[in-house]
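Colleague: Structure provided below as structure tokens; questions to follow.
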Amino acid sequence: MDGLILGIDICNEYSHLSFYDKSKNVPESVPFAGEMVLANPDTLDRMTEQPDKLAGHVAEIMQTAYRYCACNVAERVCVAIPHFERHIVDAVRDAFISAGVPDTSLMFISHEECLAYYAFGMHRDLWINGVILIDYSYDGITGYRMDRVAIGSKQVIAESDYMKDENRVLTDEFAQTNGAADLDILSDILAQDADKLIGKKAASSVYLTGRGFDTTKLPDTFLKCICNRHRAFAGQNLYVKGACICAFTEVNALQRDVIVACRNRLPSTIDMDIIERGKKKIFRIASAGTNWYHAGRSVDFIVDDCSSITLHIQPAGGQKPYDEIVDFSDFPYRAGKTTRINVRFEFEGDDRCSVTVTDKGFGCFVQASWKSVVRSIDL
Amino acid sequence: MSGLILCRTKEAVNPYYISGMDIKIYSLEELCYYIYNNVYLIGTDFICPKLIEFIRSETKEPKLADRLEYLAGKKAGLAEMVLTILRYVDYYTDDEIEKLRGILTTLNTQNVYERLKTRADRLMLNECYYAAIRNYSQIINGKKDPSLSVVFYSDVCYNMGVAYARMFLFRQAQNCFNEAYSLSRHEDCKKAAMAAGRLAFNSESSGRVEFLDEQTDEEYVIRREIETLMDNAMYSDEYRHIDDIYKNKDKKSIGEQIEHWKEQYVRYTG
């Protein structure tokens, strides 16, 4: 399949679009009628309650992509969503499906993941000592640091020093005046925030993004702080290009030895013991670095004289592995491999996994009790 | 080794129905379980196009379906086809499959009538009486095999009699027991024939048990045995259960009991 590889960033107020230019091997932004952003018809939060409106918005984005790239097939679409919550992602997913994008072509990531893909997709010199992001948007000021470190045979992109100042919320008036005046007022605060992130340890690059930084002039104190011993970049398409790089990476199965261990990515690998042809084997449920929204799965097993599941949790950060046992001894005992169980792994965030084990009986040979055991596991 | 076996194949939405046994198969694991536990019942006709289509489209295993189709095309033996299924699905261990291979090899060396009887006996165990009678009839109505003993044929008649009796067809049961007795002169066959005769008389005379013409001590003993069994039946769990339903007139319980009898009947006559 040789369709489009798209990155789409659906923020609360605006949406961005980019496609992967395979000839140049870079993500390129796609304009909407001359503008680099498309204003959402309503905030994304509200549109999740209005599926038709959201579907219309998504359809417009997709039509723009098809028209601009002169191609009507999307091979992979990676959608960045700032408030990465299940009900929002589900609503956006439904909108894309109704716009004709196959579910199998869709993937969803958070802004933190976008930064990881964008910043660490750049030249080595731009990330070797870590990168810092400061995002000034309608939600306030968010900042964090990311470093790529070697742990065993894997490279781990880890996030740290996360800070969020929700009191500095960007207003519509701010956006209309291009923010210069407000930024001057906030200069000291921004400089303090930047200093908190940069002060401890030097970084290779500092990225500024969000509508708050959509200006041609940054306050001097702040500028001095971020440019001292760092390379600083300001732009509005960082997330959308990061999403596009993520889509390209997935399609081409690149960077298999790199674990992105930032917010909204699982911090641990989950394995479980199984028996295969009479021999003990390990079955991988979810790998560290997988986006939690995509990590859920449902698997059936035949129970052969046992009453519990042993899960092996291996943190990617090099911490000590540990086991979790899910006991289902309340299910009726049946000899001779005549119990089929369903084990469902569900994630509502990157730090917790819910395991549900259900007795399905064994066809018409053994009636199911449909008893269930639910266990929540901290990761 | 205990543990969990990963189910790699899909569960069917539309099950495969094994009519002779009134069994629905939803997965390849269930198919393996059925084969393993009913190997005496299975003939080469079991691996039919319908089963292959079920494997292909319902369990989404075209590779296995293709393999079975190929084997059926070249008229492979039952053992080869059955072992192909068992090896494909991770349900039985290699040791368990080897054990079954031994049984299949033995079956291959058995006389055709011996296999038919083994199959019929297994159907009896599964309460599939009509199917069992069909298999026993093939032996009785087939060409007599001089290598088989009289006792073998007597056993076939006796078992067929039991199958009829369990379907309340006592007159046919009596005939079978008489035939068994004429072959083996075994006392149990005679007693069974007399009992079936009495029960046939009972059912043919509107439920009234009347033993008016006992001619021998033997018949008297049989009568007493039947009466004792009937008296004791009142204390069985099944009798009590039905008695409770009758007394309580609970529509749900009555419905469930009738449903149970219907299922039993379907299995008897399947």
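Ordering of the structure tokens sets the chain letters (A, B, ...); residue numbers start at 1 within each chain; ligands are numbered from 1 in the order shown.
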Skip range 185-198 of chain B itself and residues of its chain fewer than 3 positions away, then list as a list in words all residues within 7 Å of it, counting only C-alpha atoms.
Modeller: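 After dropping sequence-adjacent residues, the list is Tyr158, Phe170, Arg171, Ala173, Gln174, Phe177, Asn178, Ala180, Tyr181, Ser182, Phe201, Asn202 and Ile222 of chain B.
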Colleague: Restricting it to C-alpha atoms, dump the selection as a tab-separated table (two decimals), in the first residue's frame.
Modeller:
```tsv
chain	number	residue	atom	x	y	z
B	158	TYR	CA	-28.08	-57.60	23.97
B	170	PHE	CA	-39.82	-52.76	25.07
B	171	ARG	CA	-41.25	-55.12	22.46
B	173	ALA	CA	-36.00	-54.82	23.17
B	174	GLN	CA	-37.54	-58.15	24.07
B	177	PHE	CA	-32.75	-60.02	24.20
B	178	ASN	CA	-34.36	-63.21	22.96
B	180	ALA	CA	-29.04	-62.68	22.32
B	181	TYR	CA	-30.23	-65.54	24.53
B	182	SER	CA	-30.64	-67.88	21.58
B	201	PHE	CA	-47.17	-55.67	28.33
B	202	ASN	CA	-47.39	-52.91	30.92
B	222	ILE	CA	-38.37	-61.30	37.51
```
Colleague: Counting only C-alpha atoms, give me one row per residue of chain B with an atom at most 8 Å from an atom of chain A, showing the shortest contact pair and its distance in Å to one decimal, sorted by chain then residue number, as JSON lines.
Modeller:
```
{"residue": "B:Met1", "atom": "CA", "partner": "A:Gly278", "partner_atom": "CA", "distance": 6.5}
{"residue": "B:Ser2", "atom": "CA", "partner": "A:Asp305", "partner_atom": "CA", "distance": 5.1}
{"residue": "B:Gly3", "atom": "CA", "partner": "A:Asp304", "partner_atom": "CA", "distance": 5.3}
{"residue": "B:Leu4", "atom": "CA", "partner": "A:Ile274", "partner_atom": "CA", "distance": 4.9}
{"residue": "B:Ile5", "atom": "CA", "partner": "A:Ile302", "partner_atom": "CA", "distance": 4.9}
{"residue": "B:Leu6", "atom": "CA", "partner": "A:Phe301", "partner_atom": "CA", "distance": 4.6}
{"residue": "B:Cys7", "atom": "CA", "partner": "A:Phe301", "partner_atom": "CA", "distance": 5.1}
{"residue": "B:Ile23", "atom": "CA", "partner": "A:Cys364", "partner_atom": "CA", "distance": 6.8}
{"residue": "B:Lys24", "atom": "CA", "partner": "A:Cys364", "partner_atom": "CA", "distance": 6.2}
{"residue": "B:Ile25", "atom": "CA", "partner": "A:Gly363", "partner_atom": "CA", "distance": 6.7}
{"residue": "B:Tyr26", "atom": "CA", "partner": "A:Gly363", "partner_atom": "CA", "distance": 6.1}
{"residue": "B:Ser27", "atom": "CA", "partner": "A:Gly363", "partner_atom": "CA", "distance": 7.8}
{"residue": "B:Glu30", "atom": "CA", "partner": "A:Gly363", "partner_atom": "CA", "distance": 6.9}
{"residue": "B:Asp90", "atom": "CA", "partner": "A:Arg277", "partner_atom": "CA", "distance": 5.8}
{"residue": "B:Tyr91", "atom": "CA", "partner": "A:Arg277", "partner_atom": "CA", "distance": 7.4}
{"residue": "B:Tyr92", "atom": "CA", "partner": "A:Arg277", "partner_atom": "CA", "distance": 7.2}
{"residue": "B:Thr93", "atom": "CA", "partner": "A:Arg277", "partner_atom": "CA", "distance": 5.4}
{"residue": "B:Asp94", "atom": "CA", "partner": "A:Arg277", "partner_atom": "CA", "distance": 7.0}
```
Colleague: List as a list in words the protein and nucleic acid residues near Glu346 in chain A, meaning an atom at most 6 Å away when only C-alpha atoms are counted, but skip any in the same chain fewer than 6 places from it.
Modeller: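 Counting only C-alpha atoms, the residues come to Gly296, Cys353 and Ser354 of chain A.
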Colleague: What gap, in Å, lies between CA of Glu61 in chain B and CA of Glu98 in chain B?
Modeller: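 CA of Glu61 in chain B sits 23.5 Å away from CA of Glu98 in chain B.
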Colleague: Kindly give the distance, in Å, that separates CA of Phe19 in chain A and CA of Ser110 in chain A, rounded to a single decimal.
Modeller: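 Value for the CA of Phe19 in chain A-CA of Ser110 in chain A distance: 17.9 Å.
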Colleague: Using only C-alpha atoms, find the one residue out of A:Asp42, A:Glu85, A:Asp165, A:Glu35 that sits nearest to Asp350 in chain A.
Modeller: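 Distance minimum relative to Asp350 in chain A lands on A:Glu85.
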Colleague: If you run DSSP on the backbone, which residues of range 37-224 of chain A are helix (DSSP H, G or I), as a PyMOL selection string?
Modeller: chain A and resi 44-47+51-69+86-98+103-105+111-119+124-126+172-176+180-199+211-213+220-224
Colleague: Within 12 Å of Ser57 in chain B, counting only C-alpha atoms, which residues show up once you throw out same-chain ones fewer than 4 positions away? Write them as a PyMOL selection string, please.
Modeller: chain B and resi 9-16+27+49-53+61-66
Colleague: Can you measure CA of Asp135 in chain A to CA of Asn264 in chain A for me? One decimal in Å is fine.
Modeller: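 Here the two named atoms are 17.2 Å from each other.
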Colleague: Find the spatial neighbours of Ser147 in chain B, counting only C-alpha atoms, within a cut-off of 12 Å - ignore same-chain residues fewer than 2 positions away - and output them as JSON, numbers by chain.
Modeller: {"B": [110, 111, 112, 113, 114, 143, 144, 145, 149, 150, 151, 152, 153]}
Colleague: Restricted to N, CA, C and O atoms, what would the selected residues look like written as a PDB file, in the first residue's frame?
Modeller:
```pdb
ATOM      1  N   GLN B 110      -8.416 -53.429  13.721  1.00  0.00           N
ATOM      2  CA  GLN B 110      -9.653 -54.116  14.099  1.00  0.00           C
ATOM      3  C   GLN B 110     -10.488 -54.480  12.878  1.00  0.00           C
ATOM      4  O   GLN B 110     -10.472 -53.767  11.876  1.00  0.00           O
ATOM      5  N   ASN B 111     -11.244 -55.584  13.060  1.00  0.00           N
ATOM      6  CA  ASN B 111     -12.229 -55.997  12.085  1.00  0.00           C
ATOM      7  C   ASN B 111     -13.282 -54.888  11.963  1.00  0.00           C
ATOM      8  O   ASN B 111     -13.573 -54.193  12.933  1.00  0.00           O
ATOM      9  N   VAL B 112     -13.879 -54.751  10.789  1.00  0.00           N
ATOM     10  CA  VAL B 112     -14.838 -53.669  10.566  1.00  0.00           C
ATOM     11  C   VAL B 112     -16.024 -53.766  11.530  1.00  0.00           C
ATOM     12  O   VAL B 112     -16.535 -52.749  12.031  1.00  0.00           O
ATOM     13  N   TYR B 113     -16.463 -55.024  11.836  1.00  0.00           N
ATOM     14  CA  TYR B 113     -17.603 -55.190  12.755  1.00  0.00           C
ATOM     15  C   TYR B 113     -17.202 -54.854  14.202  1.00  0.00           C
ATOM     16  O   TYR B 113     -18.001 -54.345  14.962  1.00  0.00           O
ATOM     17  N   GLU B 114     -15.969 -55.164  14.529  1.00  0.00           N
ATOM     18  CA  GLU B 114     -15.496 -54.815  15.883  1.00  0.00           C
ATOM     19  C   GLU B 114     -15.487 -53.299  16.050  1.00  0.00           C
ATOM     20  O   GLU B 114     -15.853 -52.776  17.104  1.00  0.00           O
ATOM     21  N   LYS B 143     -23.007 -59.323   6.462  1.00  0.00           N
ATOM     22  CA  LYS B 143     -22.565 -60.699   6.209  1.00  0.00           C
ATOM     23  C   LYS B 143     -21.892 -61.247   7.468  1.00  0.00           C
ATOM     24  O   LYS B 143     -21.055 -60.572   8.065  1.00  0.00           O
ATOM     25  N   LYS B 144     -22.294 -62.450   7.865  1.00  0.00           N
ATOM     26  CA  LYS B 144     -21.717 -63.025   9.093  1.00  0.00           C
ATOM     27  C   LYS B 144     -20.204 -63.227   8.921  1.00  0.00           C
ATOM     28  O   LYS B 144     -19.753 -63.771   7.924  1.00  0.00           O
ATOM     29  N   ASP B 145     -19.481 -62.770   9.921  1.00  0.00           N
ATOM     30  CA  ASP B 145     -18.022 -62.910   9.870  1.00  0.00           C
ATOM     31  C   ASP B 145     -17.624 -64.116  10.711  1.00  0.00           C
ATOM     32  O   ASP B 145     -17.777 -64.105  11.941  1.00  0.00           O
ATOM     33  N   SER B 149     -16.775 -64.371  17.300  1.00  0.00           N
ATOM     34  CA  SER B 149     -17.422 -65.411  18.109  1.00  0.00           C
ATOM     35  C   SER B 149     -18.931 -65.178  18.223  1.00  0.00           C
ATOM     36  O   SER B 149     -19.442 -64.091  17.948  1.00  0.00           O
ATOM     37  N   VAL B 150     -19.603 -66.216  18.667  1.00  0.00           N
ATOM     38  CA  VAL B 150     -21.051 -66.137  18.922  1.00  0.00           C
ATOM     39  C   VAL B 150     -21.312 -65.123  20.035  1.00  0.00           C
ATOM     40  O   VAL B 150     -22.297 -64.380  20.012  1.00  0.00           O
ATOM     41  N   VAL B 151     -20.418 -65.132  21.011  1.00  0.00           N
ATOM     42  CA  VAL B 151     -20.563 -64.199  22.136  1.00  0.00           C
ATOM     43  C   VAL B 151     -20.580 -62.743  21.626  1.00  0.00           C
ATOM     44  O   VAL B 151     -21.342 -61.917  22.120  1.00  0.00           O
ATOM     45  N   PHE B 152     -19.735 -62.482  20.624  1.00  0.00           N
ATOM     46  CA  PHE B 152     -19.698 -61.127  20.052  1.00  0.00           C
ATOM     47  C   PHE B 152     -21.078 -60.744  19.523  1.00  0.00           C
ATOM     48  O   PHE B 152     -21.610 -59.674  19.835  1.00  0.00           O
ATOM     49  N   TYR B 153     -21.680 -61.647  18.736  1.00  0.00           N
ATOM     50  CA  TYR B 153     -22.993 -61.335  18.150  1.00  0.00           C
ATOM     51  C   TYR B 153     -24.076 -61.259  19.225  1.00  0.00           C
ATOM     52  O   TYR B 153     -24.990 -60.438  19.151  1.00  0.00           O
TER      53      TYR B 153
END
```
Colleague: Which neighbours of range 20-23 of chain A fall inside 7 Å, counting only C-alpha atoms, when residues of the same chain fewer than 3 positions from it are skipped, and could you give them as number ranges by chain?
Modeller: A: 5-6, 26-28, 244
Colleague: Hey, what's within 12 Å of Thr105 in chain B if we count only C-alpha atoms and toss same-chain stuff fewer than 3 positions away? As a list of chain:residue names, please?
Modeller: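 The filter keeps B:Val39, B:Tyr40, B:Gly77, B:Leu78, B:Ala79, B:Glu80, B:Val82, B:Leu83, B:Glu98, B:Lys99, B:Leu100, B:Arg101, B:Gly102, B:Asn108, B:Thr109, B:Gln110.
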Colleague: Write a file of the selected residues as a short mmCIF file (atom, residue, chain, number, x, y, z; two decimals), in the first residue's frame, keeping all heavy atoms.
Modeller:
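Wrote result.cif, looks like this:
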```cif
data_model
loop_
_atom_site.label_atom_id
_atom_site.label_comp_id
_atom_site.auth_asym_id
_atom_site.auth_seq_id
_atom_site.Cartn_x
_atom_site.Cartn_y
_atom_site.Cartn_z
N VAL B 39 -12.89 -40.91 19.86
CA VAL B 39 -12.13 -41.43 18.72
C VAL B 39 -12.75 -42.72 18.17
O VAL B 39 -12.66 -43.00 16.97
CB VAL B 39 -10.64 -41.61 19.12
CG1 VAL B 39 -10.47 -42.73 20.12
CG2 VAL B 39 -9.78 -41.81 17.91
N TYR B 40 -13.47 -43.45 19.01
CA TYR B 40 -14.10 -44.70 18.55
C TYR B 40 -15.31 -44.43 17.66
O TYR B 40 -15.75 -45.29 16.92
CB TYR B 40 -14.53 -45.54 19.75
CG TYR B 40 -13.38 -45.98 20.60
CD1 TYR B 40 -13.12 -45.36 21.81
CD2 TYR B 40 -12.54 -47.01 20.20
CE1 TYR B 40 -12.06 -45.75 22.60
CE2 TYR B 40 -11.47 -47.40 20.98
CZ TYR B 40 -11.23 -46.77 22.18
OH TYR B 40 -10.17 -47.15 22.95
N GLY B 77 -5.69 -41.88 5.44
CA GLY B 77 -6.38 -42.61 6.50
C GLY B 77 -6.91 -41.67 7.57
O GLY B 77 -6.50 -40.51 7.68
N LEU B 78 -7.81 -42.22 8.38
CA LEU B 78 -8.41 -41.42 9.46
C LEU B 78 -7.34 -40.91 10.42
O LEU B 78 -7.36 -39.75 10.83
CB LEU B 78 -9.44 -42.28 10.21
CG LEU B 78 -10.05 -41.64 11.45
CD1 LEU B 78 -10.92 -40.46 11.07
CD2 LEU B 78 -10.86 -42.65 12.24
N ALA B 79 -6.39 -41.81 10.76
CA ALA B 79 -5.36 -41.45 11.74
C ALA B 79 -4.59 -40.22 11.27
O ALA B 79 -4.38 -39.27 12.04
CB ALA B 79 -4.40 -42.61 11.93
N GLU B 80 -4.22 -40.19 10.00
CA GLU B 80 -3.42 -39.08 9.49
C GLU B 80 -4.19 -37.76 9.58
O GLU B 80 -3.66 -36.72 9.98
CB GLU B 80 -3.01 -39.36 8.04
CG GLU B 80 -1.90 -38.44 7.58
CD GLU B 80 -1.41 -38.74 6.16
OE1 GLU B 80 -1.83 -39.77 5.58
OE2 GLU B 80 -0.64 -37.94 5.65
N VAL B 82 -6.85 -37.04 11.55
CA VAL B 82 -7.13 -36.68 12.95
C VAL B 82 -5.87 -36.11 13.60
O VAL B 82 -5.92 -35.08 14.28
CB VAL B 82 -7.64 -37.93 13.71
CG1 VAL B 82 -7.49 -37.74 15.20
CG2 VAL B 82 -9.10 -38.18 13.37
N LEU B 83 -4.74 -36.75 13.35
CA LEU B 83 -3.49 -36.28 13.96
C LEU B 83 -3.08 -34.92 13.39
O LEU B 83 -2.49 -34.10 14.10
CB LEU B 83 -2.37 -37.30 13.77
CG LEU B 83 -2.59 -38.62 14.54
CD1 LEU B 83 -1.53 -39.65 14.16
CD2 LEU B 83 -2.58 -38.40 16.04
N GLU B 98 0.50 -38.81 20.99
CA GLU B 98 1.11 -40.13 20.73
C GLU B 98 0.22 -41.25 21.25
O GLU B 98 0.09 -42.30 20.63
CB GLU B 98 2.50 -40.20 21.37
CG GLU B 98 3.60 -39.63 20.52
CD GLU B 98 3.62 -40.17 19.10
OE1 GLU B 98 3.70 -41.40 18.93
OE2 GLU B 98 3.50 -39.36 18.16
N LYS B 99 -0.38 -40.99 22.43
CA LYS B 99 -1.27 -41.99 23.03
C LYS B 99 -2.46 -42.25 22.10
O LYS B 99 -2.85 -43.39 21.87
CB LYS B 99 -1.77 -41.46 24.38
CG LYS B 99 -2.17 -42.54 25.37
CD LYS B 99 -2.43 -41.90 26.71
CE LYS B 99 -3.77 -42.31 27.25
NZ LYS B 99 -4.20 -41.52 28.40
N LEU B 100 -2.98 -41.19 21.54
CA LEU B 100 -4.13 -41.33 20.65
C LEU B 100 -3.72 -42.05 19.36
O LEU B 100 -4.49 -42.84 18.82
CB LEU B 100 -4.72 -39.96 20.31
CG LEU B 100 -6.05 -40.03 19.58
CD1 LEU B 100 -7.18 -40.34 20.55
CD2 LEU B 100 -6.36 -38.74 18.86
N ARG B 101 -2.51 -41.76 18.94
CA ARG B 101 -2.02 -42.43 17.73
C ARG B 101 -2.04 -43.96 17.93
O ARG B 101 -2.40 -44.71 17.02
CB ARG B 101 -0.60 -41.98 17.40
CG ARG B 101 -0.04 -42.61 16.15
CD ARG B 101 1.45 -42.76 16.28
NE ARG B 101 2.16 -41.52 15.98
CZ ARG B 101 2.49 -41.16 14.73
NH1 ARG B 101 2.20 -41.94 13.72
NH2 ARG B 101 3.14 -40.05 14.52
N GLY B 102 -1.66 -44.38 19.16
CA GLY B 102 -1.68 -45.81 19.50
C GLY B 102 -3.08 -46.39 19.35
O GLY B 102 -3.27 -47.46 18.76
N ASN B 108 -7.19 -49.35 13.44
CA ASN B 108 -6.92 -49.73 12.06
C ASN B 108 -6.78 -51.24 11.90
O ASN B 108 -7.04 -51.78 10.83
CB ASN B 108 -5.64 -49.04 11.56
CG ASN B 108 -5.95 -47.64 11.09
OD1 ASN B 108 -7.10 -47.32 10.80
ND2 ASN B 108 -4.94 -46.79 11.05
N THR B 109 -6.32 -51.92 12.98
CA THR B 109 -6.12 -53.37 12.90
C THR B 109 -7.41 -54.14 13.22
O THR B 109 -7.47 -55.34 13.03
CB THR B 109 -5.02 -53.82 13.87
OG1 THR B 109 -5.44 -53.47 15.20
CG2 THR B 109 -3.69 -53.18 13.56
N GLN B 110 -8.42 -53.43 13.72
CA GLN B 110 -9.65 -54.12 14.10
C GLN B 110 -10.49 -54.48 12.88
O GLN B 110 -10.47 -53.77 11.88
CB GLN B 110 -10.49 -53.21 15.02
CG GLN B 110 -10.15 -53.33 16.48
CD GLN B 110 -11.12 -52.52 17.34
OE1 GLN B 110 -11.71 -51.55 16.88
NE2 GLN B 110 -11.28 -52.95 18.56
#
```
